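**Student:** Below is one structure. I have some questions about it.
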Amino acid sequence: MPQVFKIGSYWVYFWANESLPLEPIHVHISAGKPTQNATKFWITQSGKCLIANNNSKLDEKTLNYLRRAVEANIQIVIDKWISFFGEISYYC
């Protein structure tokens, strides 16, 4: 899985086997090894994150910390998404 960046023990990554048509830009987050059913954040055009699901069952404090970290690195996320998938659309 393409790793976007790490925050401590958490991986922020794209799932390389996305379905077609390609979903809007989002990242998956998991502690340690990436899994398909990890927590997922949608990226909005305004550069914010919306929690799509919390399948990793992260507590609220950790979710907010990770959301802020992704938002602080939003341009890296966008650039890597375009580089890897070749196109981009936004959830909202």
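For the structure tokens, the naming scheme is as follows: chains receive sequential letters (A, B, ...) according to their order of presentation, residues are indexed from 1 within each chain, and ligands are indexed from 1 in presentation order.
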Report as a list in words all protein, DNA and RNA residues lying within 6 Å of range 34-45 of chain A, evaluated on only C-alpha atoms, omitting residues in the same chain fewer than 4 positions from it.

**Tutor:**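 Here the qualifying residues turn out to be Ile25, His26, Val27, His28, Ile29, Ser30, Cys49, Leu50, Ile51, Ala52, Asn53, Asn54, Asn55, Ser56, Tyr90, Tyr91 and Cys92 of chain A.
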
**Student:** Please dump the current selection as a PDB file, in the first residue's frame; keep N, CA and C atoms.

**Tutor:**
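Result went into selection08.pdb, see below:
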ATOM      1  N   ILE A  25     -10.961  11.266  -3.230  1.00  0.00           N
ATOM      2  CA  ILE A  25      -9.723  11.222  -2.456  1.00  0.00           C
ATOM      3  C   ILE A  25     -10.011  10.942  -0.981  1.00  0.00           C
ATOM      4  N   HIS A  26      -9.235  10.017  -0.421  1.00  0.00           N
ATOM      5  CA  HIS A  26      -9.360   9.632   0.980  1.00  0.00           C
ATOM      6  C   HIS A  26      -8.074   8.940   1.414  1.00  0.00           C
ATOM      7  N   VAL A  27      -7.912   8.834   2.710  1.00  0.00           N
ATOM      8  CA  VAL A  27      -6.786   8.089   3.265  1.00  0.00           C
ATOM      9  C   VAL A  27      -7.321   7.067   4.255  1.00  0.00           C
ATOM     10  N   HIS A  28      -6.553   6.017   4.425  1.00  0.00           N
ATOM     11  CA  HIS A  28      -6.809   5.007   5.438  1.00  0.00           C
ATOM     12  C   HIS A  28      -5.757   5.193   6.532  1.00  0.00           C
ATOM     13  N   ILE A  29      -6.141   4.892   7.758  1.00  0.00           N
ATOM     14  CA  ILE A  29      -5.213   5.026   8.881  1.00  0.00           C
ATOM     15  C   ILE A  29      -5.331   3.787   9.756  1.00  0.00           C
ATOM     16  N   SER A  30      -4.171   3.219  10.078  1.00  0.00           N
ATOM     17  CA  SER A  30      -4.170   2.078  10.992  1.00  0.00           C
ATOM     18  C   SER A  30      -2.899   2.099  11.821  1.00  0.00           C
ATOM     19  N   CYS A  49     -10.917  17.090   6.677  1.00  0.00           N
ATOM     20  CA  CYS A  49     -11.168  15.652   6.678  1.00  0.00           C
ATOM     21  C   CYS A  49     -12.511  15.364   7.334  1.00  0.00           C
ATOM     22  N   LEU A  50     -13.217  14.407   6.771  1.00  0.00           N
ATOM     23  CA  LEU A  50     -14.441  13.892   7.364  1.00  0.00           C
ATOM     24  C   LEU A  50     -14.231  12.409   7.627  1.00  0.00           C
ATOM     25  N   ILE A  51     -14.632  11.961   8.778  1.00  0.00           N
ATOM     26  CA  ILE A  51     -14.467  10.547   9.102  1.00  0.00           C
ATOM     27  C   ILE A  51     -15.519   9.748   8.340  1.00  0.00           C
ATOM     28  N   ALA A  52     -15.051   8.871   7.447  1.00  0.00           N
ATOM     29  CA  ALA A  52     -15.958   8.001   6.694  1.00  0.00           C
ATOM     30  C   ALA A  52     -16.352   6.804   7.552  1.00  0.00           C
ATOM     31  N   ASN A  53     -15.369   6.250   8.252  1.00  0.00           N
ATOM     32  CA  ASN A  53     -15.630   5.155   9.189  1.00  0.00           C
ATOM     33  C   ASN A  53     -14.471   5.065  10.171  1.00  0.00           C
ATOM     34  N   ASN A  54     -14.735   4.428  11.274  1.00  0.00           N
ATOM     35  CA  ASN A  54     -13.708   4.222  12.291  1.00  0.00           C
ATOM     36  C   ASN A  54     -13.584   2.722  12.565  1.00  0.00           C
ATOM     37  N   ASN A  55     -13.322   1.968  11.505  1.00  0.00           N
ATOM     38  CA  ASN A  55     -13.232   0.515  11.634  1.00  0.00           C
ATOM     39  C   ASN A  55     -12.080   0.071  12.524  1.00  0.00           C
ATOM     40  N   SER A  56     -11.080   0.929  12.712  1.00  0.00           N
ATOM     41  CA  SER A  56      -9.971   0.590  13.603  1.00  0.00           C
ATOM     42  C   SER A  56     -10.339   0.800  15.066  1.00  0.00           C
ATOM     43  N   TYR A  90     -13.286  14.921  -5.278  1.00  0.00           N
ATOM     44  CA  TYR A  90     -13.450  15.156  -3.854  1.00  0.00           C
ATOM     45  C   TYR A  90     -14.817  14.676  -3.379  1.00  0.00           C
ATOM     46  N   TYR A  91     -14.884  14.274  -2.124  1.00  0.00           N
ATOM     47  CA  TYR A  91     -16.119  13.823  -1.510  1.00  0.00           C
ATOM     48  C   TYR A  91     -17.132  14.966  -1.494  1.00  0.00           C
ATOM     49  N   CYS A  92     -16.671  16.147  -1.129  1.00  0.00           N
ATOM     50  CA  CYS A  92     -17.494  17.346  -1.148  1.00  0.00           C
ATOM     51  C   CYS A  92     -16.609  18.584  -1.119  1.00  0.00           C
TER      52      CYS A  92
END

**Student:** Write out as a list in words the residues lying within 12 Å of Gly86 in chain A, counting only C-alpha atoms and excluding same-chain residues fewer than 6 positions away.

**Tutor:** Leu22, Ile25, Ile78, Asp79 and Lys80 of chain A

**Student:** Can you write out the residues you just picked, keeping N, CA and C atoms, as a PDB file, in the first residue's frame?

**Tutor:**
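Generated file (selection.pdb):
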ATOM      1  N   LEU A  22     -12.913   5.194  -9.625  1.00  0.00           N
ATOM      2  CA  LEU A  22     -12.103   5.555  -8.472  1.00  0.00           C
ATOM      3  C   LEU A  22     -12.914   6.383  -7.483  1.00  0.00           C
ATOM      4  N   ILE A  25     -10.961  11.266  -3.230  1.00  0.00           N
ATOM      5  CA  ILE A  25      -9.723  11.222  -2.456  1.00  0.00           C
ATOM      6  C   ILE A  25     -10.011  10.942  -0.981  1.00  0.00           C
ATOM      7  N   ILE A  78      -2.743  15.213  -1.295  1.00  0.00           N
ATOM      8  CA  ILE A  78      -3.270  15.502  -2.640  1.00  0.00           C
ATOM      9  C   ILE A  78      -2.228  15.188  -3.712  1.00  0.00           C
ATOM     10  N   ASP A  79      -1.010  15.657  -3.519  1.00  0.00           N
ATOM     11  CA  ASP A  79       0.051  15.422  -4.510  1.00  0.00           C
ATOM     12  C   ASP A  79       0.330  13.936  -4.697  1.00  0.00           C
ATOM     13  N   LYS A  80       0.387  13.192  -3.604  1.00  0.00           N
ATOM     14  CA  LYS A  80       0.654  11.754  -3.709  1.00  0.00           C
ATOM     15  C   LYS A  80      -0.525  11.011  -4.341  1.00  0.00           C
TER      16      LYS A  80
END

**Student:** Give me every alpha helix (DSSP H) residue in range 40-91 of chain A, going by DSSP on the backbone, as a PDB file with N, CA and C atoms, in the first residue's frame.

**Tutor:**
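What landed in states_21.pdb:
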ATOM      1  N   GLU A  60     -11.823   8.841  20.435  1.00  0.00           N
ATOM      2  CA  GLU A  60     -12.109  10.178  19.909  1.00  0.00           C
ATOM      3  C   GLU A  60     -10.888  11.103  19.930  1.00  0.00           C
ATOM      4  N   LYS A  61     -10.114  11.063  21.001  1.00  0.00           N
ATOM      5  CA  LYS A  61      -8.922  11.897  21.118  1.00  0.00           C
ATOM      6  C   LYS A  61      -7.916  11.552  20.013  1.00  0.00           C
ATOM      7  N   THR A  62      -7.698  10.270  19.783  1.00  0.00           N
ATOM      8  CA  THR A  62      -6.766   9.830  18.740  1.00  0.00           C
ATOM      9  C   THR A  62      -7.289  10.202  17.357  1.00  0.00           C
ATOM     10  N   LEU A  63      -8.583  10.018  17.126  1.00  0.00           N
ATOM     11  CA  LEU A  63      -9.181  10.398  15.844  1.00  0.00           C
ATOM     12  C   LEU A  63      -8.969  11.876  15.550  1.00  0.00           C
ATOM     13  N   ASN A  64      -9.220  12.719  16.535  1.00  0.00           N
ATOM     14  CA  ASN A  64      -9.047  14.160  16.343  1.00  0.00           C
ATOM     15  C   ASN A  64      -7.580  14.516  16.094  1.00  0.00           C
ATOM     16  N   TYR A  65      -6.685  13.876  16.801  1.00  0.00           N
ATOM     17  CA  TYR A  65      -5.250  14.107  16.605  1.00  0.00           C
ATOM     18  C   TYR A  65      -4.842  13.718  15.188  1.00  0.00           C
ATOM     19  N   LEU A  66      -5.279  12.555  14.735  1.00  0.00           N
ATOM     20  CA  LEU A  66      -4.919  12.089  13.394  1.00  0.00           C
ATOM     21  C   LEU A  66      -5.577  12.950  12.306  1.00  0.00           C
ATOM     22  N   ARG A  67      -6.821  13.363  12.527  1.00  0.00           N
ATOM     23  CA  ARG A  67      -7.500  14.252  11.574  1.00  0.00           C
ATOM     24  C   ARG A  67      -6.729  15.553  11.406  1.00  0.00           C
ATOM     25  N   ARG A  68      -6.309  16.154  12.507  1.00  0.00           N
ATOM     26  CA  ARG A  68      -5.545  17.401  12.435  1.00  0.00           C
ATOM     27  C   ARG A  68      -4.206  17.196  11.733  1.00  0.00           C
ATOM     28  N   ALA A  69      -3.569  16.049  11.963  1.00  0.00           N
ATOM     29  CA  ALA A  69      -2.285  15.752  11.320  1.00  0.00           C
ATOM     30  C   ALA A  69      -2.461  15.597   9.811  1.00  0.00           C
ATOM     31  N   VAL A  70      -3.517  14.917   9.389  1.00  0.00           N
ATOM     32  CA  VAL A  70      -3.773  14.771   7.951  1.00  0.00           C
ATOM     33  C   VAL A  70      -4.063  16.137   7.339  1.00  0.00           C
ATOM     34  N   GLU A  71      -4.899  16.933   7.997  1.00  0.00           N
ATOM     35  CA  GLU A  71      -5.220  18.269   7.478  1.00  0.00           C
ATOM     36  C   GLU A  71      -3.974  19.147   7.381  1.00  0.00           C
ATOM     37  N   ALA A  72      -3.049  19.019   8.322  1.00  0.00           N
ATOM     38  CA  ALA A  72      -1.805  19.803   8.295  1.00  0.00           C
ATOM     39  C   ALA A  72      -0.906  19.383   7.130  1.00  0.00           C
ATOM     40  N   ILE A  74      -2.202  18.178   4.123  1.00  0.00           N
ATOM     41  CA  ILE A  74      -3.164  17.929   3.057  1.00  0.00           C
ATOM     42  C   ILE A  74      -2.547  18.034   1.663  1.00  0.00           C
ATOM     43  N   GLN A  75      -1.628  18.955   1.452  1.00  0.00           N
ATOM     44  CA  GLN A  75      -1.036  19.086   0.117  1.00  0.00           C
ATOM     45  C   GLN A  75      -0.197  17.862  -0.240  1.00  0.00           C
ATOM     46  N   ILE A  76       0.467  17.285   0.738  1.00  0.00           N
ATOM     47  CA  ILE A  76       1.215  16.041   0.514  1.00  0.00           C
ATOM     48  C   ILE A  76       0.252  14.932   0.105  1.00  0.00           C
ATOM     49  N   VAL A  77      -0.869  14.829   0.800  1.00  0.00           N
ATOM     50  CA  VAL A  77      -1.877  13.811   0.488  1.00  0.00           C
ATOM     51  C   VAL A  77      -2.378  14.003  -0.947  1.00  0.00           C
ATOM     52  N   ILE A  78      -2.743  15.213  -1.295  1.00  0.00           N
ATOM     53  CA  ILE A  78      -3.270  15.502  -2.640  1.00  0.00           C
ATOM     54  C   ILE A  78      -2.228  15.188  -3.712  1.00  0.00           C
ATOM     55  N   ASP A  79      -1.010  15.657  -3.519  1.00  0.00           N
ATOM     56  CA  ASP A  79       0.051  15.422  -4.510  1.00  0.00           C
ATOM     57  C   ASP A  79       0.330  13.936  -4.697  1.00  0.00           C
ATOM     58  N   LYS A  80       0.387  13.192  -3.604  1.00  0.00           N
ATOM     59  CA  LYS A  80       0.654  11.754  -3.709  1.00  0.00           C
ATOM     60  C   LYS A  80      -0.525  11.011  -4.341  1.00  0.00           C
ATOM     61  N   TRP A  81      -1.751  11.447  -4.053  1.00  0.00           N
ATOM     62  CA  TRP A  81      -2.931  10.834  -4.663  1.00  0.00           C
ATOM     63  C   TRP A  81      -2.866  10.994  -6.185  1.00  0.00           C
ATOM     64  N   ILE A  82      -2.644  12.217  -6.640  1.00  0.00           N
ATOM     65  CA  ILE A  82      -2.583  12.478  -8.081  1.00  0.00           C
ATOM     66  C   ILE A  82      -1.441  11.698  -8.712  1.00  0.00           C
ATOM     67  N   SER A  83      -0.297  11.672  -8.059  1.00  0.00           N
ATOM     68  CA  SER A  83       0.857  10.939  -8.578  1.00  0.00           C
ATOM     69  C   SER A  83       0.567   9.447  -8.689  1.00  0.00           C
ATOM     70  N   PHE A  84      -0.130   8.884  -7.708  1.00  0.00           N
ATOM     71  CA  PHE A  84      -0.376   7.441  -7.702  1.00  0.00           C
ATOM     72  C   PHE A  84      -1.553   7.048  -8.590  1.00  0.00           C
ATOM     73  N   PHE A  85      -2.681   7.779  -8.480  1.00  0.00           N
ATOM     74  CA  PHE A  85      -3.891   7.384  -9.200  1.00  0.00           C
ATOM     75  C   PHE A  85      -4.083   8.116 -10.532  1.00  0.00           C
TER      76      PHE A  85
END

**Student:** Among chain A, which ones does DSSP assign to strand (DSSP E) (computed from the backbone)? Answer as a PyMOL selection string.

**Tutor:** chain A and resi 3-7+10-13+26-31+39-43+49-53

**Student:** Kindly indicate which residue among A:Lys57, A:Lys48, A:Pro24, A:Asn73 lies nearest to Val12 in chain A, using only C-alpha atoms for the distances.

**Tutor:** A:Asn73
